[in-house]
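Novice: What follows is final_20.txt; its format and atoms are compact mmCIF, C-alpha atoms.
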```txt
# COMPACT_ATOMS: atom_id res chain seq x y z
CA MET R 206 -199.09 -81.00 32.10
CA GLU R 207 -200.95 -81.27 35.40
CA SER R 208 -202.28 -77.75 35.01
CA PHE R 209 -203.60 -78.64 31.56
CA ASN R 210 -205.41 -81.70 32.91
CA ASN R 211 -206.97 -79.42 35.49
CA MET R 212 -208.09 -77.05 32.71
CA GLN R 213 -209.59 -79.98 30.85
CA GLU R 214 -211.61 -80.93 33.93
CA ILE R 215 -212.91 -77.38 34.33
CA TRP R 216 -213.75 -77.25 30.64
CA LYS R 217 -215.80 -80.42 30.73
CA GLN R 218 -217.66 -79.38 33.87
CA GLN R 219 -218.99 -76.15 32.42
CA HIS R 220 -222.71 -75.90 31.96
CA THR R 221 -223.98 -76.82 28.50
CA PRO R 222 -227.56 -75.93 27.67
CA LYS R 223 -229.85 -78.47 26.06
CA PRO R 224 -230.66 -77.97 22.35
CA THR R 225 -233.07 -75.06 21.96
CA ILE R 226 -234.73 -76.64 18.94
CA PRO R 227 -236.11 -80.21 18.96
CA SER R 228 -234.59 -82.50 16.35
CA ALA R 229 -237.89 -82.81 14.43
CA GLU R 230 -238.02 -79.03 14.03
CA LEU R 231 -234.40 -78.97 12.90
CA MET R 232 -235.08 -81.63 10.27
CA ALA R 233 -238.09 -79.67 9.02
CA ALA R 234 -236.01 -76.48 8.88
CA ALA R 235 -233.29 -78.30 6.92
CA GLN R 236 -235.82 -79.61 4.41
CA LYS R 237 -237.42 -76.16 4.07
CA ASN R 238 -234.00 -74.63 3.50
CA GLY R 239 -233.20 -77.24 0.84
CA LYS R 240 -236.43 -76.44 -1.00
CA LYS R 241 -235.72 -72.71 -0.74
CA ILE R 242 -232.30 -73.17 -2.36
CA LYS R 243 -233.84 -75.26 -5.16
CA ARG R 244 -236.49 -72.57 -5.77
CA LYS R 245 -233.77 -69.93 -5.91
CA HIS R 246 -231.87 -71.99 -8.51
CA VAL R 247 -234.94 -72.50 -10.65
CA SER R 248 -235.99 -68.83 -10.49
CA THR R 249 -232.46 -67.65 -11.42
CA LEU R 250 -232.37 -70.01 -14.38
CA LEU R 251 -235.83 -68.84 -15.39
CA ILE R 252 -234.80 -65.17 -15.28
CA LEU R 253 -231.70 -65.89 -17.37
CA THR R 254 -233.66 -67.90 -19.94
CA ILE R 255 -236.37 -65.24 -20.23
CA THR R 256 -233.75 -62.49 -20.66
CA VAL R 257 -232.07 -64.37 -23.51
CA LEU R 258 -235.40 -65.18 -25.17
CA VAL R 259 -236.62 -61.58 -24.95
CA LEU R 260 -233.37 -60.25 -26.36
CA VAL R 261 -233.31 -62.71 -29.25
CA ALA R 262 -237.03 -62.17 -29.96
CA TYR R 263 -236.59 -58.40 -29.96
CA PHE R 264 -233.58 -58.61 -32.22
CA LEU R 265 -235.29 -60.81 -34.78
CA GLN R 266 -238.79 -59.37 -34.61
CA PHE R 267 -238.32 -55.61 -34.28
CA ASN R 268 -234.81 -55.02 -35.53
CA ASN R 269 -234.83 -57.58 -38.32
CA GLY R 270 -231.49 -58.78 -37.05
CA LYS R 271 -229.85 -55.41 -37.75
CA MET R 272 -227.37 -53.96 -35.31
CA ASN R 273 -228.29 -50.30 -34.93
CA ARG R 274 -227.32 -47.95 -32.05
CA PHE R 275 -230.40 -48.86 -30.03
CA ALA R 276 -229.78 -52.61 -30.33
CA ILE R 277 -226.08 -52.21 -29.43
CA GLY R 278 -226.90 -50.09 -26.37
CA LEU R 279 -229.59 -52.47 -25.23
CA PHE R 280 -227.39 -55.52 -25.77
CA CYS R 281 -224.54 -53.93 -23.82
CA MET R 282 -226.79 -53.14 -20.85
CA ILE R 283 -228.85 -56.31 -20.69
CA GLY R 284 -225.92 -58.49 -21.76
CA SER R 285 -223.68 -57.23 -18.96
CA LEU R 286 -226.43 -57.74 -16.39
CA PHE R 287 -227.12 -61.20 -17.79
CA LEU R 288 -223.46 -62.18 -17.53
CA ARG R 289 -223.20 -60.80 -14.01
CA ILE R 290 -226.23 -62.82 -12.83
CA LEU R 291 -224.88 -65.91 -14.62
CA ILE R 292 -221.48 -65.53 -12.91
CA GLU R 293 -223.14 -65.12 -9.50
CA TYR R 294 -225.28 -68.18 -10.16
CA ILE R 295 -222.26 -70.31 -11.16
CA SER R 296 -220.34 -69.03 -8.11
CA PHE R 297 -223.22 -69.94 -5.83
CA ARG R 298 -223.36 -73.45 -7.31
CA LYS R 299 -219.59 -73.86 -6.95
CA PHE R 300 -219.73 -72.74 -3.34
CA GLN R 301 -222.55 -75.18 -2.58
CA GLN R 302 -220.42 -77.98 -4.03
CA ILE R 303 -217.60 -77.48 -1.52
CA ASP R 304 -218.09 -80.38 0.85
CA VAL R 305 -218.22 -79.30 4.48
CA GLY R 306 -217.22 -82.87 5.38
CA HIS R 307 -213.70 -82.34 3.98
CA SER R 308 -210.84 -82.05 6.48
CA PHE R 309 -210.18 -78.52 7.75
CA SER R 310 -207.03 -78.11 5.65
CA LEU R 311 -208.68 -79.35 2.45
CA TYR R 312 -211.82 -77.30 3.15
CA THR R 313 -209.86 -74.08 3.72
CA ALA R 314 -207.76 -74.81 0.61
CA LYS R 315 -210.94 -75.20 -1.46
CA LEU R 316 -212.44 -72.06 0.06
CA THR R 317 -209.25 -70.12 -0.69
CA SER R 318 -209.29 -71.33 -4.28
CA PHE R 319 -212.97 -70.33 -4.55
CA TYR R 320 -212.32 -66.82 -3.20
CA ASN R 321 -209.26 -66.42 -5.44
CA ILE R 322 -211.56 -66.96 -8.41
CA ARG R 323 -214.02 -64.49 -6.85
CA LYS R 324 -211.15 -62.00 -6.59
CA LYS R 325 -210.52 -62.32 -10.33
CA ILE R 326 -214.24 -61.85 -10.95
CA HIS R 327 -214.31 -58.73 -8.77
CA PHE R 328 -211.16 -57.13 -10.14
CA VAL R 329 -211.28 -58.14 -13.81
CA ILE R 330 -214.67 -59.30 -15.03
CA THR R 331 -216.92 -57.02 -12.95
CA PRO R 332 -215.19 -53.75 -13.98
CA VAL R 333 -215.40 -54.83 -17.65
CA LEU R 334 -219.09 -55.66 -17.29
CA TYR R 335 -219.70 -52.44 -15.39
CA ALA R 336 -217.99 -50.45 -18.14
CA LEU R 337 -220.03 -52.32 -20.75
CA TYR R 338 -223.22 -51.41 -18.92
CA CYS R 339 -222.15 -47.74 -18.76
CA VAL R 340 -221.29 -47.73 -22.48
CA GLY R 341 -224.70 -49.22 -23.28
CA PHE R 342 -226.39 -46.59 -21.15
CA ALA R 343 -224.40 -43.79 -22.80
CA ILE R 344 -225.28 -45.10 -26.28
CA LEU R 345 -228.96 -45.17 -25.39
CA LEU R 346 -229.16 -41.69 -23.82
CA PRO R 347 -229.26 -39.67 -27.10
CA ILE R 348 -231.90 -42.08 -28.42
CA PHE R 349 -233.96 -41.58 -25.26
CA LYS R 350 -233.58 -37.82 -25.56
CA ALA R 351 -234.74 -37.83 -29.18
CA ASN R 352 -237.68 -40.17 -28.63
CA PHE R 353 -239.06 -39.41 -25.15
CA SER R 354 -240.39 -36.30 -23.44
CA PHE R 355 -237.84 -34.17 -21.58
CA GLY R 356 -239.31 -35.15 -18.18
CA PHE R 357 -239.11 -38.84 -18.93
CA TYR R 358 -235.60 -38.43 -20.30
CA ILE R 359 -234.52 -36.72 -17.05
CA TYR R 360 -236.17 -39.52 -15.09
CA LEU R 361 -234.27 -42.15 -17.12
CA LEU R 362 -231.03 -40.22 -16.76
CA PHE R 363 -231.27 -39.94 -12.99
CA SER R 364 -232.69 -43.40 -12.32
CA GLY R 365 -230.06 -44.97 -14.59
CA THR R 366 -227.24 -43.07 -12.93
CA GLY R 367 -228.68 -43.87 -9.50
CA PHE R 368 -228.75 -47.53 -10.37
CA LEU R 369 -225.10 -47.38 -11.46
CA VAL R 370 -224.08 -45.76 -8.16
CA VAL R 371 -226.08 -48.22 -6.02
CA PHE R 372 -224.78 -51.15 -8.07
CA ALA R 373 -221.18 -49.96 -7.65
CA TRP R 374 -221.70 -49.54 -3.88
CA PHE R 375 -223.18 -53.03 -3.60
CA ILE R 376 -220.27 -54.56 -5.56
CA PHE R 377 -217.77 -52.63 -3.44
CA LYS R 378 -219.32 -53.89 -0.18
CA GLN R 379 -219.44 -57.49 -1.41
CA ASN R 380 -215.90 -57.25 -2.70
CA LYS R 381 -214.59 -55.84 0.58
CA LYS R 382 -216.25 -58.60 2.60
CA GLU R 383 -214.96 -61.39 0.37
CA MET R 384 -211.44 -60.01 0.20
CA ALA R 385 -211.33 -59.77 4.01
CA LEU R 386 -212.34 -63.42 4.21
CA LEU R 387 -209.75 -64.39 1.59
CA ALA R 388 -207.04 -62.60 3.57
CA PHE R 389 -208.19 -64.43 6.70
CA LEU R 390 -208.14 -67.80 4.92
CA LYS R 391 -204.72 -67.22 3.40
CA ASN R 392 -203.33 -66.20 6.75
CA ASP R 393 -204.80 -69.28 8.36
CA ILE R 394 -203.48 -71.67 5.72
CA ASP R 395 -200.03 -70.07 5.79
CA THR R 396 -199.91 -70.61 9.56
CA HIS R 397 -201.00 -74.16 8.96
CA LYS R 398 -198.22 -74.81 6.45
CA ALA R 399 -195.55 -73.08 8.43
CA GLU R 400 -195.99 -75.23 11.50
CA MET K 213 -232.95 -97.91 12.58
CA ASP K 214 -234.43 -95.30 10.23
CA THR K 215 -232.58 -92.07 9.36
CA GLU K 216 -234.76 -89.85 11.57
CA GLU K 217 -234.20 -92.04 14.59
CA GLN K 218 -230.47 -92.18 13.85
CA PHE K 219 -230.35 -88.39 13.58
CA ASN K 220 -232.26 -88.03 16.82
CA GLN K 221 -229.65 -90.10 18.63
CA ILE K 222 -226.76 -88.23 17.01
CA TYR K 223 -228.33 -84.88 17.94
CA THR K 224 -228.85 -85.78 21.58
CA LEU K 225 -225.44 -87.39 21.97
CA HIS K 226 -223.27 -84.88 20.14
CA TYR K 227 -225.02 -81.55 20.75
CA PRO K 228 -223.19 -80.69 24.02
CA LYS K 229 -219.75 -81.32 22.49
CA VAL K 230 -220.55 -79.40 19.32
CA TYR K 231 -222.02 -76.54 21.35
CA ARG K 232 -218.96 -76.31 23.66
CA LEU K 233 -216.59 -76.38 20.69
CA CYS K 234 -218.50 -73.55 18.98
CA LYS K 235 -218.71 -71.62 22.25
CA GLY K 236 -214.96 -71.91 22.67
CA TYR K 237 -214.41 -70.77 19.09
CA PHE K 238 -216.66 -67.73 19.58
CA ASN K 239 -215.12 -66.67 22.87
CA GLY K 240 -217.93 -67.92 25.08
CA ASP K 241 -220.67 -66.21 23.06
CA ASP K 242 -223.81 -68.29 23.65
CA GLY K 243 -225.76 -66.75 20.75
CA HIS K 244 -223.14 -67.52 18.12
CA ALA K 245 -222.47 -70.94 19.63
CA SER K 246 -226.14 -71.85 19.55
CA ASP K 247 -226.58 -70.61 15.94
CA ALA K 248 -223.46 -72.43 14.76
CA ALA K 249 -224.42 -75.66 16.57
CA GLN K 250 -227.86 -75.60 14.94
CA GLU K 251 -226.28 -75.03 11.55
CA VAL K 252 -223.94 -77.96 12.13
CA PHE K 253 -226.87 -80.31 12.78
CA VAL K 254 -228.80 -78.98 9.79
CA LYS K 255 -225.79 -79.97 7.67
CA VAL K 256 -225.47 -83.30 9.44
CA TRP K 257 -229.12 -84.04 8.66
CA GLN K 258 -228.78 -82.94 5.04
CA LYS K 259 -225.64 -85.03 4.47
CA LEU K 260 -226.32 -88.02 6.69
CA ASP K 261 -227.07 -90.28 3.73
CA GLN K 262 -223.73 -89.24 2.16
CA PHE K 263 -221.75 -90.23 5.26
CA ARG K 264 -219.48 -92.99 3.98
CA GLN K 265 -218.42 -94.37 7.34
CA GLU K 266 -214.75 -93.98 6.41
CA SER K 267 -214.33 -92.43 9.83
CA ALA K 268 -216.35 -92.54 13.05
CA ILE K 269 -219.53 -90.46 13.00
CA GLY K 270 -218.12 -88.31 15.82
CA THR K 271 -215.07 -87.41 13.70
CA TRP K 272 -217.31 -86.51 10.78
CA ILE K 273 -219.45 -84.28 13.00
CA TYR K 274 -216.37 -82.54 14.41
CA THR K 275 -215.16 -81.90 10.85
CA ILE K 276 -218.48 -80.29 9.96
CA THR K 277 -218.38 -78.29 13.22
CA VAL K 278 -214.89 -76.94 12.64
CA ASN K 279 -215.68 -75.95 9.03
CA THR K 280 -219.06 -74.46 9.95
CA CYS K 281 -217.57 -72.32 12.72
CA LEU K 282 -215.00 -71.02 10.27
CA LEU K 283 -217.74 -70.15 7.79
CA GLN K 284 -219.76 -68.17 10.32
CA LEU K 285 -217.38 -65.36 9.40
CA ARG K 286 -219.12 -65.11 6.03
CA LYS K 287 -222.38 -64.05 7.58
CA PRO K 288 -223.19 -60.35 7.60
CA SER K 289 -224.59 -60.59 11.12
CA PHE K 290 -221.35 -61.96 12.46
CA LYS K 291 -219.30 -59.55 14.48
CA LYS K 292 -215.72 -60.63 14.72
CA GLU K 293 -215.15 -58.48 17.77
CA ILE K 294 -216.87 -60.48 20.45
CA LYS K 295 -216.54 -58.84 23.81
CA THR K 296 -213.76 -60.42 25.77
CA GLU K 297 -215.54 -59.74 29.02
CA GLN K 298 -218.53 -61.71 27.86
CA LEU K 299 -218.44 -64.85 29.73
CA PRO K 300 -219.87 -68.20 30.09
CA GLU K 301 -223.13 -67.86 31.85
CA GLY K 302 -224.52 -70.63 33.98
CA VAL K 303 -221.49 -72.54 35.05
CA ALA K 304 -222.29 -75.76 36.84
CA GLU K 305 -223.50 -75.48 40.44
CA ASN K 306 -220.51 -77.24 41.93
CA TYR K 307 -218.21 -74.65 40.39
CA ASN K 308 -216.27 -72.47 42.73
CA PHE K 309 -215.23 -68.89 42.09
CA ARG K 310 -211.61 -69.83 41.33
CA GLU K 311 -212.66 -72.34 38.68
CA GLU K 312 -215.04 -69.83 37.17
CA GLU K 313 -212.24 -67.29 36.90
CA GLN K 314 -209.98 -69.90 35.37
CA LEU K 315 -212.61 -70.78 32.79
CA LYS K 316 -212.93 -67.09 31.89
CA LYS K 317 -209.19 -66.90 31.48
CA MET K 318 -209.20 -70.05 29.35
CA TYR K 319 -211.71 -68.53 26.92
CA GLN K 320 -209.60 -65.41 26.63
CA CYS K 321 -206.38 -67.37 26.12
CA ILE K 322 -207.95 -69.63 23.47
CA GLN K 323 -208.85 -66.52 21.47
CA LYS K 324 -205.18 -65.60 21.31
CA LEU K 325 -204.36 -68.77 19.35
CA ASP K 326 -204.48 -68.92 15.55
CA GLU K 327 -207.54 -70.56 13.97
CA THR K 328 -205.90 -73.96 13.60
CA GLY K 329 -204.60 -73.88 17.16
CA LYS K 330 -208.00 -72.82 18.45
CA MET K 331 -209.77 -75.72 16.74
CA ILE K 332 -207.17 -78.25 17.86
CA ILE K 333 -207.12 -77.26 21.52
CA LEU K 334 -210.92 -77.14 21.73
CA MET K 335 -211.03 -80.75 20.58
CA VAL K 336 -208.23 -81.71 22.97
CA LEU K 337 -210.17 -80.12 25.83
CA GLU K 338 -213.20 -82.17 24.78
CA GLY K 339 -211.05 -85.30 25.02
CA VAL K 340 -211.25 -86.17 21.33
CA GLU K 341 -208.66 -88.79 20.34
CA TYR K 342 -205.57 -87.57 18.51
CA GLU K 343 -206.31 -89.84 15.55
CA SER K 344 -209.70 -88.15 15.11
CA ILE K 345 -208.29 -84.65 15.53
CA ALA K 346 -205.63 -85.36 12.90
CA SER K 347 -208.34 -86.59 10.53
CA VAL K 348 -210.55 -83.54 11.20
CA MET K 349 -207.68 -81.13 10.63
CA GLY K 350 -206.19 -83.05 7.69
CA ILE K 351 -202.70 -83.29 9.16
CA THR K 352 -200.50 -86.19 10.26
CA GLN K 353 -200.55 -87.36 13.86
CA ASP K 354 -196.87 -86.43 14.24
CA THR K 355 -197.53 -82.84 13.17
CA LEU K 356 -200.55 -82.79 15.44
CA ARG K 357 -198.53 -83.92 18.47
CA VAL K 358 -195.99 -81.16 17.91
CA LYS K 359 -198.76 -78.59 17.60
CA ILE K 360 -200.61 -79.85 20.66
CA HIS K 361 -197.47 -79.75 22.76
CA ARG K 362 -196.84 -76.15 21.74
CA ILE K 363 -200.46 -75.06 22.21
CA LYS K 364 -200.77 -76.73 25.63
CA LYS K 365 -197.64 -74.99 26.81
CA SER K 366 -198.79 -71.64 25.51
CA LEU K 367 -202.26 -72.06 26.99
CA SER K 368 -200.94 -73.16 30.38
CA ASN K 369 -198.60 -70.16 30.51
CA CYS K 370 -201.40 -67.80 29.53
CA VAL K 371 -203.94 -69.14 32.01
CA GLN K 372 -201.58 -69.17 35.01
```
Go ahead and express the file in the form of structure tokens.

Specialist:
Amino acid sequence: MESFNNMQEIWKQQHTPKPTIPSAELMAAAQKNGKKIKRKHVSTLLILTITVLVLVAYFLQFNNGKMNRFAIGLFCMIGSLFLRILIEYISFRKFQQIDVGHSFSLYTAKLTSFYNIRKKIHFVITPVLYALYCVGFAILLPIFKANFSFGFYIYLLFSGTGFLVVFAWFIFKQNKKEMALLAFLKNDIDTHKAE
Amino acid sequence: MDTEEQFNQIYTLHYPKVYRLCKGYFNGDDGHASDAAQEVFVKVWQKLDQFRQESAIGTWIYTITVNTCLLQLRKPSFKKEIKTEQLPEGVAENYNFREEEQLKKMYQCIQKLDETGKMIILMVLEGVEYESIASVMGITQDTLRVKIHRIKKSLSNCVQ
């Protein structure tokens, strides 16, 4: 192992730069980041609460609690979006709760479990919610056509479809990235177990 | 000693080791190493009051470092393909050309190891005690010794 001891010497002698950020600045950045995460939590909860309140208020006030085509379409669209945001919010909270101070094997196991749940979300729940959103949109289209000008109807048709395409692309990208990481984690843990 | 003062000491004392470990993990890439090292100390600061002193502070910091480096892969800006030619800039002045070449080779050979092996050998190179490494990795010392023996052999063969 003489050659390894030599390597160790070389390793330790290599130049290491001093910290580029003073500790005070780092502490301030950490505190700022903590506040930013809290703000994000509060604003997400606020959006979700407002969505529910608006939906319930609309249903009781304007529809007298009756389920007509318009209410069903609207509920499908807003409901699927609401659930999607809620799932993302819960996922974010769960991820934040994984303690980075756990040992590497426990940490990777927890990460793998987290991304396995994300996989189920991506492959089961998201397609259902996406389909629900599309159904809602399809239900609303004839109502839009009958009640709005042709120009505005075309605008709604194209913007709605555009949103669906962009949303699908965004989900696909996110899904691809997370599945690549899951594959990497599984591979790493398998190696870990095998040895 | 107040928390800020304690953090200051931790930062000054442990930064070089954390930086070198990250640099080794990211194939000598200074940018990624610097970003990851900063992120490690942000987490250390945020969780310092939760540190239960079940292990030495150094072991705890290494655990955070290892897990943080792994998580850098989540970031959109992270490019997994780091150029293999990219190499440690600014080696110490008393370095000779042969040692510099050997260091380059070491970085390249470390990249060929699996993630677990990479983390373990980087800590061994830093001179971290086996007990601490086992605790960081969450494996027994016996398993660790077997792994280290295998990694050292593979690394020595690769570098020569």

Novice: As a VMD selection string, please: the residues near R:Arg289 (cut-off 12 Å, all atoms listed in the file, same-chain neighbours under 5 positions excluded).

Specialist: chain R and resid 249 253 282 to 284 294 to 296 326 to 327 330 to 335 337 to 338 372 376

Novice: Could you turn the residues from that selection into a file that holds C-alpha atoms, as a PDB file, keeping the file's coordinate frame?

Specialist:
```pdb
ATOM      1  CA  THR R 249    -232.460 -67.650 -11.420  1.00  0.00           C
ATOM      2  CA  LEU R 253    -231.700 -65.890 -17.370  1.00  0.00           C
ATOM      3  CA  MET R 282    -226.790 -53.140 -20.850  1.00  0.00           C
ATOM      4  CA  ILE R 283    -228.850 -56.310 -20.690  1.00  0.00           C
ATOM      5  CA  GLY R 284    -225.920 -58.490 -21.760  1.00  0.00           C
ATOM      6  CA  TYR R 294    -225.280 -68.180 -10.160  1.00  0.00           C
ATOM      7  CA  ILE R 295    -222.260 -70.310 -11.160  1.00  0.00           C
ATOM      8  CA  SER R 296    -220.340 -69.030  -8.110  1.00  0.00           C
ATOM      9  CA  ILE R 326    -214.240 -61.850 -10.950  1.00  0.00           C
ATOM     10  CA  HIS R 327    -214.310 -58.730  -8.770  1.00  0.00           C
ATOM     11  CA  ILE R 330    -214.670 -59.300 -15.030  1.00  0.00           C
ATOM     12  CA  THR R 331    -216.920 -57.020 -12.950  1.00  0.00           C
ATOM     13  CA  PRO R 332    -215.190 -53.750 -13.980  1.00  0.00           C
ATOM     14  CA  VAL R 333    -215.400 -54.830 -17.650  1.00  0.00           C
ATOM     15  CA  LEU R 334    -219.090 -55.660 -17.290  1.00  0.00           C
ATOM     16  CA  TYR R 335    -219.700 -52.440 -15.390  1.00  0.00           C
ATOM     17  CA  LEU R 337    -220.030 -52.320 -20.750  1.00  0.00           C
ATOM     18  CA  TYR R 338    -223.220 -51.410 -18.920  1.00  0.00           C
ATOM     19  CA  PHE R 372    -224.780 -51.150  -8.070  1.00  0.00           C
ATOM     20  CA  ILE R 376    -220.270 -54.560  -5.560  1.00  0.00           C
TER      21      ILE R 376
END
```

Novice: Could you write out as JSON, numbers by chain the residues of chain R within 10 Å of chain K, counting all atoms listed in the file?

Specialist: {"R": [206, 207, 208, 209, 210, 211, 212, 213, 214, 215, 216, 217, 218, 219, 220, 221, 222, 223, 224, 225, 226, 227, 228, 229, 231, 232, 233, 234, 235, 236, 238, 239, 304, 305, 306, 307, 308, 309, 310, 311, 312, 313, 316, 382, 383, 385, 386, 389, 390, 392, 393, 394, 396, 397, 398, 400]}

Novice: What is the atom CA of R:Asn268-atom CA of R:Phe280 distance in Å, reported with one decimal?

Specialist: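 Between atom CA of R:Asn268 and atom CA of R:Phe280 the gap is 12.3 Å.
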
Novice: Taking into account all atoms listed in the file, which residue in the set R:Asn273, R:Gln266, R:Ser285, R:Gln302 is nearest to R:Val340?

Specialist: R:Ser285

Novice: What lies within 9 Å of R:Phe275 using only C-alpha atoms, ignoring chain neighbours under 3 positions off, as a PyMOL selection string?

Specialist: chain R and resi 272+278-280+341+344-345+348

Novice: Please indicate the distance in Å from atom CA of K:Cys281 to atom CA of K:Val230, rounded to one decimal place.

Specialist: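 The value is 10.1 Å.
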
Novice: Mind giving me the straight-line distance from atom CA of R:Ala373 to atom CA of R:Ile242 in Å, one decimal?

Specialist: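 According to the coordinates, atom CA of R:Ala373 and atom CA of R:Ile242 are separated by 26.3 Å.
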
Novice: Give the answer as one residue: which of R:Phe353, R:Lys381, R:Leu288, R:Phe368 has the shortest atom-to-atom distance to R:Phe328, using only C-alpha atoms?

Specialist: R:Lys381
